[in-house]
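Structure, as structure tokens:
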Amino acid sequence: MSLFLKRSSRKVGLAPGTLVYVGEKKVEPPKITVIDYDETTVNEREVVDIEECVSSKDLPHITWINMDGIHQVELIEKLGKCFSLHPLLLEDIAHTGQRPKMDDFEDNLFIVLNMIYSDEQDDGIRSEQVSLVVGSNFVLSFQEQEGDVFNPVRERIRHGKGRIRKKGPDYLAYSLIDAVVDHYFTILEELGEDIESLQEESVTRPNPETLQTIQWLKKEMIFLRKSVWPLREVMSSLARGESGLIKEDTHLYLRDVYDHTIQVVDTIETYRDMLSVLLDVYLSSVNNRMNEVMKVLTIIATIFIPLSFLAGVYGMNFKYMPELDYRYAYPLFWLVVIGAFIIMIVLFKKRKWL
Amino acid sequence: MSLFLKRSSRKVGLAPGTLVYVGEKKVEPPKITVIDYDETTVNEREVVDIEECVSSKDLPHITWINMDGIHQVELIEKLGKCFSLHPLLLEDIAHTGQRPKMDDFEDNLFIVLNMIYSDEQDDGIRSEQVSLVVGSNFVLSFQEQEGDVFNPVRERIRHGKGRIRKKGPDYLAYSLIDAVVDHYFTILEELGEDIESLQEESVTRPNPETLQTIQWLKKEMIFLRKSVWPLREVMSSLARGESGLIKEDTHLYLRDVYDHTIQVVDTIETYRDMLSVLLDVYLSSVNNRMNEVMKVLTIIATIFIPLSFLAGVYGMNFKYMPELDYRYAYPLFWLVVIGAFIIMIVLFKKRKWL
Amino acid sequence: MSLFLKRSSRKVGLAPGTLVYVGEKKVEPPKITVIDYDETTVNEREVVDIEECVSSKDLPHITWINMDGIHQVELIEKLGKCFSLHPLLLEDIAHTGQRPKMDDFEDNLFIVLNMIYSDEQDDGIRSEQVSLVVGSNFVLSFQEQEGDVFNPVRERIRHGKGRIRKKGPDYLAYSLIDAVVDHYFTILEELGEDIESLQEESVTRPNPETLQTIQWLKKEMIFLRKSVWPLREVMSSLARGESGLIKEDTHLYLRDVYDHTIQVVDTIETYRDMLSVLLDVYLSSVNNRMNEVMKVLTIIATIFIPLSFLAGVYGMNFKYMPELDYRYAYPLFWLVVIGAFIIMIVLFKKRKWL
Amino acid sequence: MSLFLKRSSRKVGLAPGTLVYVGEKKVEPPKITVIDYDETTVNEREVVDIEECVSSKDLPHITWINMDGIHQVELIEKLGKCFSLHPLLLEDIAHTGQRPKMDDFEDNLFIVLNMIYSDEQDDGIRSEQVSLVVGSNFVLSFQEQEGDVFNPVRERIRHGKGRIRKKGPDYLAYSLIDAVVDHYFTILEELGEDIESLQEESVTRPNPETLQTIQWLKKEMIFLRKSVWPLREVMSSLARGESGLIKEDTHLYLRDVYDHTIQVVDTIETYRDMLSVLLDVYLSSVNNRMNEVMKVLTIIATIFIPLSFLAGVYGMNFKYMPELDYRYAYPLFWLVVIGAFIIMIVLFKKRKWL
Amino acid sequence: MSLFLKRSSRKVGLAPGTLVYVGEKKVEPPKITVIDYDETTVNEREVVDIEECVSSKDLPHITWINMDGIHQVELIEKLGKCFSLHPLLLEDIAHTGQRPKMDDFEDNLFIVLNMIYSDEQDDGIRSEQVSLVVGSNFVLSFQEQEGDVFNPVRERIRHGKGRIRKKGPDYLAYSLIDAVVDHYFTILEELGEDIESLQEESVTRPNPETLQTIQWLKKEMIFLRKSVWPLREVMSSLARGESGLIKEDTHLYLRDVYDHTIQVVDTIETYRDMLSVLLDVYLSSVNNRMNEVMKVLTIIATIFIPLSFLAGVYGMNFKYMPELDYRYAYPLFWLVVIGAFIIMIVLFKKRKWL
């Protein structure tokens, strides 16, 4: 459940702007990579000291600082001071579990996204907060853990593929957001395959595990939905270009990401609908089997209980029971039994119970 | 399930504007037809080389290029260069599985639709992306497969029927959209007939297949809905005439298509509601039969279990059981049995179980 | 089902503006009545030739042409030419099954309504398209069949009752719309009575017919809702006076019709809610009876199965069974049986099963 | 059901503005009270003739005319003529069963409300239309029956309590609306207590009456909701001050009533949600008991059916059954029976059936 | 239920602006604390007399008066007179059970919030109305009971932590609202843990208590939702800065609280969805167990009822039953019994009943 509410009570009562890290404790220092680039040059390095990484911030090239791990809040604070970021912005970076949102702090744009990945261990879906700060000539990105989702962007910068080196920090921010949103499709594909395999299972061989999988998927959908819905709004206002930091010709690209977000939302809704249908299919399969069980019971009982009664009758010890002495009473008894049996079967067939 | 999410993970990590085809692999080359027409002349030909097909693009007549099959992305790229289309637009043509949408790229209007057709083999509903690019004197249309949905439009151009030859590319685009939307009605009619036949079946002779058909139809509805909902928005903004490429007097026609789209949406919603009612009808029919089964069991058991007990009693071997020696004990026993039987039947009738 | 989708596939592929009649084939010619009136004079006649009926169209009085039956599209075409109506408008008149809508064609206002009536034969609700064209000095009305819903309006014109003769064609159109909407209340009252009688039935004597009636009413509600929802929008834009053909002082009257439409929508929603509650009531009544059946079975089985076992024990043929020879074994057996019986009854009473 | 649709078909076909009373017939004349007041004087009288009551309408003081009973439409017509009210307004006063609404007829403001009261006889909730007409120096109020809901307002005028005597007719109208809305709370409190007592009942001692009460309350909620939802809109537009007849400083008071209306709507929605939960609680309580019944049956049958079989075996009359002659066969039989019994009990305990 | 509707009928009929306290009666006087502060000085005292507390209200520093306990309406009235507050505002302070709302009374801003806390005694969630009045240099806060939720704010003022001493009364109001909203997270965390523990329980060991907890949580969610939904709107309009009393640079902070409110709303919705899934899980677990019970019954009955019949047959006393005299009849009987037994078991295994 902690997935659904990361904001811990540890924070209650503190002054706004106080940086508190609420994730798991870690000891290794965050990994900080700095890439300075312009149309002709690229300079990539890994740093340990914040001072070092911001040395070049007033030069004309674009600076992208990526921090993997946000558990050392003093580093974030330093970075914030250096780039003169608002304390509330810094608080939100450290205090993960935010909903996706976009805040426009005049000098810079603050964007919070949720990165979705599937946990290797228990096959569940986890989310991680990715924070972006876009300034006039820099982009800061913060991830909770080291991940490889930004690698393709890094590659494109290194090798000057596409337009990325010719464009500004807004295009870089777009590329990072696009990378995060594209990742959703990978997850959705996995879930789609799970649903497809359930579809067959729930008709042909429903079992309690089918139900558990359906309900597990339903919970994942609730979780995904919660992550993606607010993203839609964020992308919409980015694409509408409400901030001055986003250049005109980047809007088209952001609109493209917005379209993808809508597609993700649509797919989640469709999956939810599919899961509801699947649940119905499963429940009526189970119900069908139950009905079969009941029919068997009823057929057996309806045939044999009256016949048992008949056998009981001729097992009575009354002195004067003329049938007992008839020569052909016993074969007759069997005739009656077999006759009754046949009549019953015919009746059941007629009522379509067999 | 792949129906619901065509966007494949193959694309993740590529630079925006990279053309990737995500459909099934095919070997035969796409079929490209070019129609140049104005009020007096028509020139229709099938080409294999893109250069050839665009030769006439700066002449005053209207050029309609239709490409059936989009698996050779280099052809699309060439066409894009020739008509100077935006890379994101080309990406969306190649990368099928888009939601219906309309993008206004100043010089041209990009429209994505879903064509719905029923698969011959498994009776399921499939969708295909149809992309339209409308320029000042040309229309480009892209289909995933060769289809006959645009034939009536072609016929009208060839024979100069209706207004089509007198109007501009916006009217041609309208005609193509109209053809696609009209096709929805054919599909809805087929589904409507299926639902109608289910309606009777679910009351008079419900069986597990009924349920499966209901749930299959429900899934088709989810699929259709996903395709049509965004179309509504697209048609609405086209009809409101937000783009300069759509002339004033075409708005009325587009409004007409918009009305049809609304009708499609309404019908889908109505079918969904009908299917819910049908599911309820089916489930309560099944339940009714179950109740009948239980009643039979209870009636049989309630009549014969006590009588069997009585027979059992007189089958006991106690030495001193005075009844056993009574002369008329056995006939009396039968009297009691028949009496009890009659009383039970009366009671059941009273409680309306029979 | 054809109720829900009248738009037939016959139309697919035709040029827009082509008139196609999609209703049932009929042979008798449509009945055309013309009323010319102003404050002082009324002139009412039935005509067969369109030329004749439009002879007076340029005179200062108001002309109301009503056509019952639209299966002869050439008549509609002639009328359209005479009053210079837009081809799309004519197409919509002939092609019934439209959603209620209002289109403003500058020179005239086109309004499509659904007339609801209950079919005499199968007690079902049917709808018929009523189209109105309002011009500066004329009103054209088209009905699929001859009906009496416009008679009160005709009466008011004939006898100069109310304001109708002093007002313009917009007031006439209002009167016709009002007549159609008022008719909904008649249908709703009938349905209301059906629901009321169901209400008692579903508690006191639920039977499968109850369920069928509930579900039949549910389907009728889906149908009604589909007809009335879009009407709300139509009336709202008419009442807001978006068209120049509607005079200022008619808005108040149209607002009144709008209020009635809202009331119809409200009532339909309320009926739907009521039917859901009724379905619940029915299902839990049925369930209650089922529970009773099961209790009876359980009580009988729980009492007699152990006693039968006991009787079975003393029916065994072991040589050494001391009880068999006891003098009072048999009366004792009956005492035990009666005792067990009483204890069981007490237990059942305690558990509230009896 | 008639509660939900008072608008009768009797009205169909009449000219708009025709006054028709659709409630129950009554013979006694309506009670008309007139209060003329300004800051210093109050003059209250009961009249029978309309002429008399309007004599003072052009004097500077404020006139409040209240009519209890609207079954004599000619009185309403006279009043309407005297205050020059629009015919549609008068029609709506007489024709009860309107939805709450506000119409701005320039010279006066027409407000329709629903008064809710609980019927003494059958404990059901009834609604009554209260119509208000607010002019520049008068307020007319119409009730279907004599009621005491306006008494506190009358008292405040008589004794000059609060601001009422210093303010205009808009404040008087506000006071009347406030009185009506406040009355909702009384009804909601009663219903709240009913729900509270159900809550316990449905867990501890569910019985068919519980279900009936739940469903009765559900129906009342549907009814209440239908009355209150449109009121929200009415209050909102009154509070926004869209009419010139409402003075600036009354807006604050109307906003207060608006807040109360929202609170009523909220409470109704909450009650509906509570009732859904209660229905679920009830149904699962019933289901639980059913399961218990089934368990008892199964336990009894599972224990005694096999044992009965065993007893049956030793009741067989085969000549050669060696066990029958064993000395300790009978005690052994009982040992087996008791052993099986104990094993069964243990098994049931393990499976948590006992 | 009284939780859901505190507004009592005691108020009905009173003039607007009459102060009525509707909570529980209390005898101890309310606790009133006054804090005067500016950037350099802090003066905190507890007072009993209102006159005393407002003595410094015209000095340049900011005055924060907090009243714990609002049962002495005359104190509120005095305070209101001193700060010239509107009577409707005072009425709303005293009359608890208001929905969260914001009213702008030009000279001051009136904000009503709901404080949520969990009741120690019965573990239920209670709400308390917190009212804030923000003026140009003062903030008044009213709580129903003494609580510690404002203590961190008091601490920050005392020790000059954060920006609070440098900012105006709007920032103080923000801090108080933030404290209240942050408190929601504590409650949500508790509920989250409850849901998490239910999740396991409902799969592995469902019992009636599980159901009761689920439904209890559902009711709490309905209650929470009712408190928080209107808060969203309040925070939104505060953050948009519609009032002149909120300074420009406080908007950013209020936006932050708005984000938190949205997060609370989201979490409640997610919990509701989770509880629905849990209920489904529980019900299908119970259903599964029921099915198992039924299967056991059917298996036992299906095996033993026919065999009992067979035993009954050979217990009959017919004179001529040749099998009875066969030497190996009895062992043969047992062979048949065991054979039937094995066949049955195999059949059940095949049908997956075992």
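In the structure tokens, chains take letters A, B, ... by order of appearance, with residues numbered from 1 within each chain and ligands from 1 in the order shown.
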Would you mind listing what lies within 8 Å of segment 170-185 of chain C as a compact mmCIF listing (two decimals) with C-alpha atoms, in the first residue's frame, with only C-alpha atoms counted and same-chain residues fewer than 5 positions away left out?
# COMPACT_ATOMS: atom_id res chain seq x y z
CA LEU C 113 -37.26 15.90 -33.59
CA ASN C 114 -38.29 12.43 -32.57
CA MET C 115 -41.97 11.83 -32.07
CA ILE C 116 -42.58 9.05 -29.57
CA TYR C 117 -45.71 6.93 -29.68
CA LEU C 132 -39.31 21.18 -39.42
CA VAL C 134 -38.65 27.40 -40.55
CA VAL C 139 -42.96 26.48 -41.93
CA VAL C 149 -50.27 15.17 -32.78
CA PHE C 150 -50.48 18.44 -34.76
CA VAL C 153 -52.32 23.34 -33.36
CA ILE C 164 -50.96 31.85 -32.77
CA LEU C 245 -35.29 33.62 -37.48
CA ILE C 246 -36.56 33.28 -33.91
CA LYS C 247 -38.01 36.53 -32.66
CA THR C 250 -40.69 33.67 -28.76
CA TYR C 253 -41.99 30.22 -25.03
CA LEU C 254 -39.07 28.13 -26.26
CA VAL C 257 -40.45 23.93 -23.90
CA HIS C 260 -40.41 20.58 -20.25
CA THR C 261 -37.63 18.76 -22.06
CA VAL C 264 -38.76 14.65 -19.45
CA ARG D 7 -47.64 16.90 -15.13
CA SER D 8 -50.74 15.24 -16.45
CA SER D 9 -51.70 14.43 -19.98
CA VAL D 12 -51.66 18.03 -23.86
CA GLY D 13 -52.92 20.06 -26.83
Report as a tab-separated table: every residue of chain E with an atom at most 10 Å from chain B, its closest pair of atoms, and their distance in Å to one decimal, counting only C-alpha atoms, with rows sorted by chain and ascending residue number.
residue	atom	partner	partner_atom	distance
E:Gly312	CA	B:Gly312	CA	9.7
E:Gly315	CA	B:Gly315	CA	8.7
E:Met316	CA	B:Gly315	CA	8.9
E:Asn317	CA	B:Gly315	CA	9.4
Would you mind exporting C-alpha atoms of the selected residues as a PDB file, in the first residue's frame?
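The resulting file, result_15.pdb, is shown below:
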ATOM      1  CA  GLY E 312     -31.364 -51.682   0.757  1.00  0.00           C
ATOM      2  CA  GLY E 315     -32.112 -56.091   2.861  1.00  0.00           C
ATOM      3  CA  MET E 316     -35.523 -56.812   1.304  1.00  0.00           C
ATOM      4  CA  ASN E 317     -37.472 -59.747   2.603  1.00  0.00           C
TER       5      ASN E 317
END
Exercise for review: For segment 194-211 of chain C, work out the shell of residues within 10 Å, counting only C-alpha atoms and skipping chain neighbours fewer than 2 positions away, then give it as JSON, numbers by chain.
Suggested key: {"B": [280, 281, 284, 285, 288], "C": [188, 189, 190, 191, 192, 213, 214, 215, 216, 217, 271, 274, 275, 277, 278, 279, 280, 281, 282, 283, 284, 285, 286, 289], "D": [1, 2, 212]}
Review point. Just how far from atom CA of Pro30 of chain D is atom CA of Phe142 of chain D, in Å to one decimal?
Key: 10.0 Å
**Study point:** Those in segment 30-270 of chain A with alpha helix (DSSP H) from DSSP, as a ChimeraX atom specification
**Key:** /A:50-53,73-82,87-94,151-159,169-204,208-239,251-270
